[in-house]
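See structure below.
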Amino acid sequence: MTKKKDSPAGYTPPANLEAEQSVLGAILVRPEVLDEVSDLLVADDFYKEAHGRIYKTMLDLYGKSDPVDLVTVCALLKERSQLEGVGGAVFLAGLSEEVGFAVNAPYYAKLVRQKAMLRQLLDATQEIAGACLAPVDDADVFIDQAESKIFQIKESREIQAAYSLDDLVPEEVSRIEKIFERKREILGIPSGFVDLDRLTSGWQNGDLIILAARPSHGKTALSLNMAYQAARHSQVPTAFFSMEQPKEQLVQRLLASVGQINASRLRAARMESQEWERFYQVDDKLRGVPIHIIDKPALTSLEIRSQARRLKSKQGIGLVVVDYLQLARDPKAKSREQEVGGISRSLKALAKELNLPVIALCQLNREVEKRPNRRPVLSDLRESGSIELDADLVLFIYRDELYREDSKDKGIAEVRLAKHRNGPTGLVNLAYRKEFMLFQNYAQKDTAHG
């Protein structure tokens, strides 16, 4: 009995029945090979349905720490009324007699696995072809789904390695020693702000960093300053997903901040003579800086993940910035809270999968405006508590001058590290020069950022 699936255009689906039988026979002869084989194969990987049932029976016995041999496998199949359906005891006995070398079971399993992947790809292409013929005009949806199916096949076949402390400890000791020898360098990607880097040790691979504030406090400006710092000064290719502002506005912001040019005059092309000089200088300075901007409204988490994967593969990105989290969409979510929570979890999963930091900007809710002290706290995170749970770091931006005309802190932005999963929390003051859309180290607010 084989899988009851029609093959496209009359082709026989890819399969290696000899390898399937060799795997089963090897397990009957040397049950201990299941330790390796079970990491490589699932029952559905077998093309012949009878082979899959036999393998599942073996796994069930193995999972209960029962003996796996001809007698126990036959007994359990008989108990499930499946023995005759798979060919009976005679067929099972023949499997163990015809196997070549049981020690080669992992190799046989890989052959079976490869054919299973090809069948999955074949099924996926059939589904994609059928979807393309449906009376729907949105081709982007199908492209997204097609890419997702292919990635899912690849992901489902990846085997998670186990690492011993004998391997891990020396590597980590060596890494820390090298950092110490470099003295001034930090563990992760520098933010460009000395006091903040002292708290965070830089952005760490696998971390989700939430940068949150009320509107107009400078979330986009600060994240762009950080992206520029990573890309130019640390040579870390960076992906910047903008769902709020078009790429042209982001480039204007970069020109203004890096060149210290009045942003309003730059937009109107009415710069003063010295600003024109800096304008042409910063043009050269920004060329070759590996920042990749994706400006599309209402991106789905799948689109972000897909684009990030491609940029990781083709451009070697080491940092992702998302502006901003609540503008992303999940069409399948049943509520706004569920949607935001799903996007937050997806961004954390992306950070782990690609092994890079993800900085996600977040809009704070209006409740913060109703308190006498408008400095944000973790409960102000908008719409979903799961943002706080998913985040490794949460930073809040607060500018007192936006609320008090007589504020003594004009030109100062408080950046509070309110959550730090693996380190200290604390408060850092940065200088904010609004005319340039530029954040700077507070002690160096009169020097150039670029």
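Chain labels run A, B, ... following the order of the structure tokens; each chain numbers its residues from 1, and ligands are numbered from 1 in the order shown.
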Compile the contact shell of Thr125 of chain A as a list in words: residues with an atom at most 10 Å away, counting only C-alpha atoms, same-chain residues fewer than 6 positions apart removed.
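My reading of the contact set: Pro8, Arg119, Ala131, Ala146, Lys149 and Ile150 of chain A.
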How many Å lie between atom CA of Asp406 of chain A and atom CA of Tyr432 of chain A, rounded to one decimal?
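Atom CA of Tyr432 of chain A lies at a distance of 17.0 Å from atom CA of Asp406 of chain A.
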Hey, what does DSSP flag as strand (DSSP E) within segment 54-289 of chain A? Can you give it to me as a PyMOL selection string?
chain A and resi 208-213+238-242
With a distance cut-off of 8 Å and only C-alpha atoms, select the neighbouring residues of Ala230 of chain A, excluding the residue or stretch itself and same-chain residues fewer than 6 positions from it, and output the selection as an mmCIF file with C-alpha atoms, in the first residue's frame.
```cif
data_model
loop_
_atom_site.group_PDB
_atom_site.id
_atom_site.type_symbol
_atom_site.label_atom_id
_atom_site.label_comp_id
_atom_site.auth_asym_id
_atom_site.auth_seq_id
_atom_site.Cartn_x
_atom_site.Cartn_y
_atom_site.Cartn_z
ATOM 1 C CA ILE A 189 26.777 45.795 18.285
ATOM 2 C CA PRO A 190 27.402 49.304 19.686
ATOM 3 C CA SER A 191 24.453 51.666 19.797
ATOM 4 C CA GLY A 192 26.759 54.629 19.313
ATOM 5 C CA VAL A 236 27.108 45.679 10.307
ATOM 6 C CA PRO A 237 24.697 45.517 7.346
ATOM 7 C CA THR A 238 21.293 46.604 8.644
ATOM 8 C CA LEU A 319 20.750 43.940 12.595
#
```
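Residue nearest Glu32 of chain A, chosen from A:Glu337, A:Asp66, A:Glu401, A:Asp123 and counting only C-alpha atoms: A:Asp66.
From atom CA of Leu41 of chain A back to atom CA of Gly63 of chain A, the distance works out to 14.5 Å.
Near Asp284 of chain A, within 12 Å and counting only C-alpha atoms, sit Leu255, Val258, Gly259, Glu277, Arg278, Phe279, Tyr280, Gly288, Val289 and Gly450 of chain A; same-chain residues fewer than 4 positions away were not included.
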Write to file, as an mmCIF file, in the first residue's frame, the residues of the selection just made, with C-alpha atoms.
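Wrote it out as part_14.cif, contents follow:
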```
data_model
loop_
_atom_site.group_PDB
_atom_site.id
_atom_site.type_symbol
_atom_site.label_atom_id
_atom_site.label_comp_id
_atom_site.auth_asym_id
_atom_site.auth_seq_id
_atom_site.Cartn_x
_atom_site.Cartn_y
_atom_site.Cartn_z
ATOM 1 C CA LEU A 255 21.263 63.418 5.460
ATOM 2 C CA VAL A 258 24.780 62.768 9.686
ATOM 3 C CA GLY A 259 25.508 66.132 8.046
ATOM 4 C CA GLU A 277 28.853 72.146 1.670
ATOM 5 C CA ARG A 278 27.979 69.623 4.380
ATOM 6 C CA PHE A 279 25.173 68.288 2.182
ATOM 7 C CA TYR A 280 27.605 67.243 -0.539
ATOM 8 C CA GLY A 288 28.389 52.460 0.603
ATOM 9 C CA VAL A 289 26.837 52.427 4.081
ATOM 10 C CA GLY A 450 28.998 61.042 11.656
#
```
Nearby residues (only C-alpha atoms) at most 9 Å from Met437 of chain A, same-chain spacing under 2 positions excluded, as a PyMOL selection string:
chain A and resi 218+221-222+225+253-254+256-257+260+262-263+432-435+439
For the selection just defined, write its residues with C-alpha atoms to a file, as a PDB file, in the first residue's frame.
```
ATOM      1  CA  GLY A 218      12.155  60.656  18.570  1.00  0.00           C
ATOM      2  CA  ALA A 221      15.327  59.426  14.771  1.00  0.00           C
ATOM      3  CA  LEU A 222      17.028  57.405  17.504  1.00  0.00           C
ATOM      4  CA  ASN A 225      20.994  57.029  14.439  1.00  0.00           C
ATOM      5  CA  ARG A 253      16.582  62.227   8.022  1.00  0.00           C
ATOM      6  CA  LEU A 254      19.941  60.517   7.526  1.00  0.00           C
ATOM      7  CA  ALA A 256      20.155  65.873   8.144  1.00  0.00           C
ATOM      8  CA  SER A 257      21.475  63.934  11.147  1.00  0.00           C
ATOM      9  CA  GLN A 260      24.071  68.210  10.904  1.00  0.00           C
ATOM     10  CA  ASN A 262      18.634  71.788   9.447  1.00  0.00           C
ATOM     11  CA  ALA A 263      16.000  69.230   8.428  1.00  0.00           C
ATOM     12  CA  TYR A 432      18.607  65.610  21.188  1.00  0.00           C
ATOM     13  CA  ARG A 433      19.069  68.221  18.494  1.00  0.00           C
ATOM     14  CA  LYS A 434      15.645  68.366  16.935  1.00  0.00           C
ATOM     15  CA  GLU A 435      16.676  70.598  14.041  1.00  0.00           C
ATOM     16  CA  PHE A 439      20.706  62.093  19.178  1.00  0.00           C
TER      17      PHE A 439
END
```
Of the residues A:Arg329, A:His233, A:Lys314, A:Lys285, which is the one nearest to Ala298 of chain A, using only C-alpha atoms?
A:Arg329
Where does DSSP see alpha helix (DSSP H) in segment 269-325 of chain A, if you list the residues as a ChimeraX atom specification?
/A:273-286,301-315
Atom CA of Asp69 of chain A and atom CA of Leu40 of chain A, how far apart in Å?
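Going from atom CA of Leu40 of chain A over to atom CA of Asp69 of chain A, I get 20.2 Å.
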Would you kindly return, as an MDAnalysis selection string, each protein, DNA or RNA residue with an atom no farther than 10 Å from any atom of segment 300-307 of chain A, considering only C-alpha atoms and excluding same-chain residues fewer than 3 positions away?
chainID A and resid 144:145 147:148 151 239 241 294 297 310:313 320 322 325 327:331 339 342:347 349:351 353:354
Since we have the selection now, will you write its residues out, keeping N, CA and C atoms, as a compact mmCIF listing (two decimals), in the first residue's frame?
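Produced file again-v8.txt, reproduced below:
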```txt
# COMPACT_ATOMS: atom_id res chain seq x y z
N ASP A 144 3.78 35.14 -1.43
CA ASP A 144 4.05 35.03 0.00
C ASP A 144 3.80 33.61 0.50
N GLN A 145 2.67 33.03 0.10
CA GLN A 145 2.32 31.67 0.51
C GLN A 145 3.30 30.65 -0.06
N GLU A 147 6.44 31.10 -0.96
CA GLU A 147 7.72 31.20 -0.27
C GLU A 147 7.64 30.58 1.11
N SER A 148 6.51 30.82 1.79
CA SER A 148 6.31 30.26 3.12
C SER A 148 6.34 28.74 3.09
N PHE A 151 9.97 27.55 2.66
CA PHE A 151 10.74 27.74 3.89
C PHE A 151 10.31 26.74 4.96
N ALA A 239 19.00 46.00 8.15
CA ALA A 239 17.71 46.09 7.45
C ALA A 239 16.80 47.00 8.26
N PHE A 241 12.99 48.25 8.35
CA PHE A 241 11.62 48.10 7.86
C PHE A 241 10.80 49.30 8.32
N ILE A 294 13.28 48.96 3.65
CA ILE A 294 12.06 48.38 3.08
C ILE A 294 10.91 49.24 3.56
N PRO A 297 3.77 49.84 3.89
CA PRO A 297 2.84 49.90 5.02
C PRO A 297 2.24 48.54 5.33
N ARG A 310 16.00 36.83 3.18
CA ARG A 310 16.68 37.08 1.90
C ARG A 310 17.86 38.03 2.09
N LEU A 311 17.66 39.07 2.90
CA LEU A 311 18.75 40.02 3.14
C LEU A 311 19.88 39.39 3.94
N LYS A 312 19.55 38.48 4.83
CA LYS A 312 20.58 37.75 5.57
C LYS A 312 21.40 36.90 4.61
N SER A 313 20.72 36.24 3.69
CA SER A 313 21.39 35.35 2.74
C SER A 313 22.21 36.13 1.72
N VAL A 320 18.33 44.12 12.51
CA VAL A 320 17.03 44.43 11.91
C VAL A 320 16.34 45.49 12.77
N VAL A 322 12.57 47.56 13.05
CA VAL A 322 11.18 47.56 12.58
C VAL A 322 10.49 48.80 13.13
N LEU A 325 6.15 48.45 15.51
CA LEU A 325 5.54 47.15 15.72
C LEU A 325 4.04 47.13 15.48
N LEU A 327 2.19 48.77 13.59
CA LEU A 327 1.74 48.98 12.21
C LEU A 327 1.81 47.71 11.38
N ALA A 328 2.48 46.68 11.90
CA ALA A 328 2.51 45.39 11.21
C ALA A 328 1.14 44.72 11.37
N ARG A 329 0.85 43.77 10.50
CA ARG A 329 -0.46 43.14 10.49
C ARG A 329 -0.37 41.62 10.45
N ASP A 330 -1.36 40.98 11.05
CA ASP A 330 -1.53 39.53 10.97
C ASP A 330 -2.98 39.27 10.57
N PRO A 331 -3.24 38.99 9.29
CA PRO A 331 -4.63 38.83 8.82
C PRO A 331 -5.40 37.72 9.53
N GLU A 339 -3.22 40.00 17.62
CA GLU A 339 -2.40 40.39 16.48
C GLU A 339 -1.06 40.94 16.92
N GLY A 342 1.10 38.27 18.48
CA GLY A 342 1.68 37.37 17.48
C GLY A 342 2.85 37.99 16.74
N ILE A 343 2.74 39.28 16.44
CA ILE A 343 3.83 39.97 15.75
C ILE A 343 5.05 40.07 16.66
N SER A 344 4.81 40.37 17.93
CA SER A 344 5.90 40.45 18.90
C SER A 344 6.64 39.12 19.00
N ARG A 345 5.89 38.03 19.11
CA ARG A 345 6.51 36.70 19.19
C ARG A 345 7.27 36.37 17.91
N SER A 346 6.70 36.78 16.78
CA SER A 346 7.35 36.52 15.50
C SER A 346 8.69 37.24 15.40
N LEU A 347 8.76 38.47 15.89
CA LEU A 347 10.01 39.22 15.84
C LEU A 347 11.06 38.61 16.76
N ALA A 349 11.17 35.41 17.48
CA ALA A 349 11.57 34.19 16.78
C ALA A 349 12.54 34.51 15.64
N LEU A 350 12.31 35.64 14.97
CA LEU A 350 13.20 36.06 13.88
C LEU A 350 14.60 36.34 14.41
N ALA A 351 14.68 37.02 15.56
CA ALA A 351 15.98 37.32 16.16
C ALA A 351 16.75 36.03 16.47
N GLU A 353 16.16 32.96 15.08
CA GLU A 353 16.40 32.18 13.87
C GLU A 353 17.60 32.71 13.08
N LEU A 354 17.67 34.03 12.89
CA LEU A 354 18.75 34.62 12.11
C LEU A 354 19.96 34.98 12.97
```
Find, counting only C-alpha atoms, the residue in A:Asp390, A:Glu20, A:Glu177, A:Glu275 that gets nearest to Glu49 of chain A.
A:Glu20
Residues at most 10 Å from Asp195 of chain A, counting only C-alpha atoms, excluding those fewer than 6 positions away in the same chain, as JSON, numbers by chain?
{"A": [201, 426, 427, 428, 429, 430, 441, 442]}
Which of these residues is nearest to Ile27 of chain A, using only C-alpha atoms: A:Leu224, A:Ala102, A:Ile261, A:Cys132?
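Going through A:Leu224, A:Ala102, A:Ile261, A:Cys132 one by one, the smallest distance to Ile27 of chain A is for A:Ala102.
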Choose the residue, out of A:Ala333, A:Ala213, A:Leu196, A:Leu378, that has the smallest atom-to-atom separation from Leu364 of chain A; count only C-alpha atoms.
A:Ala213
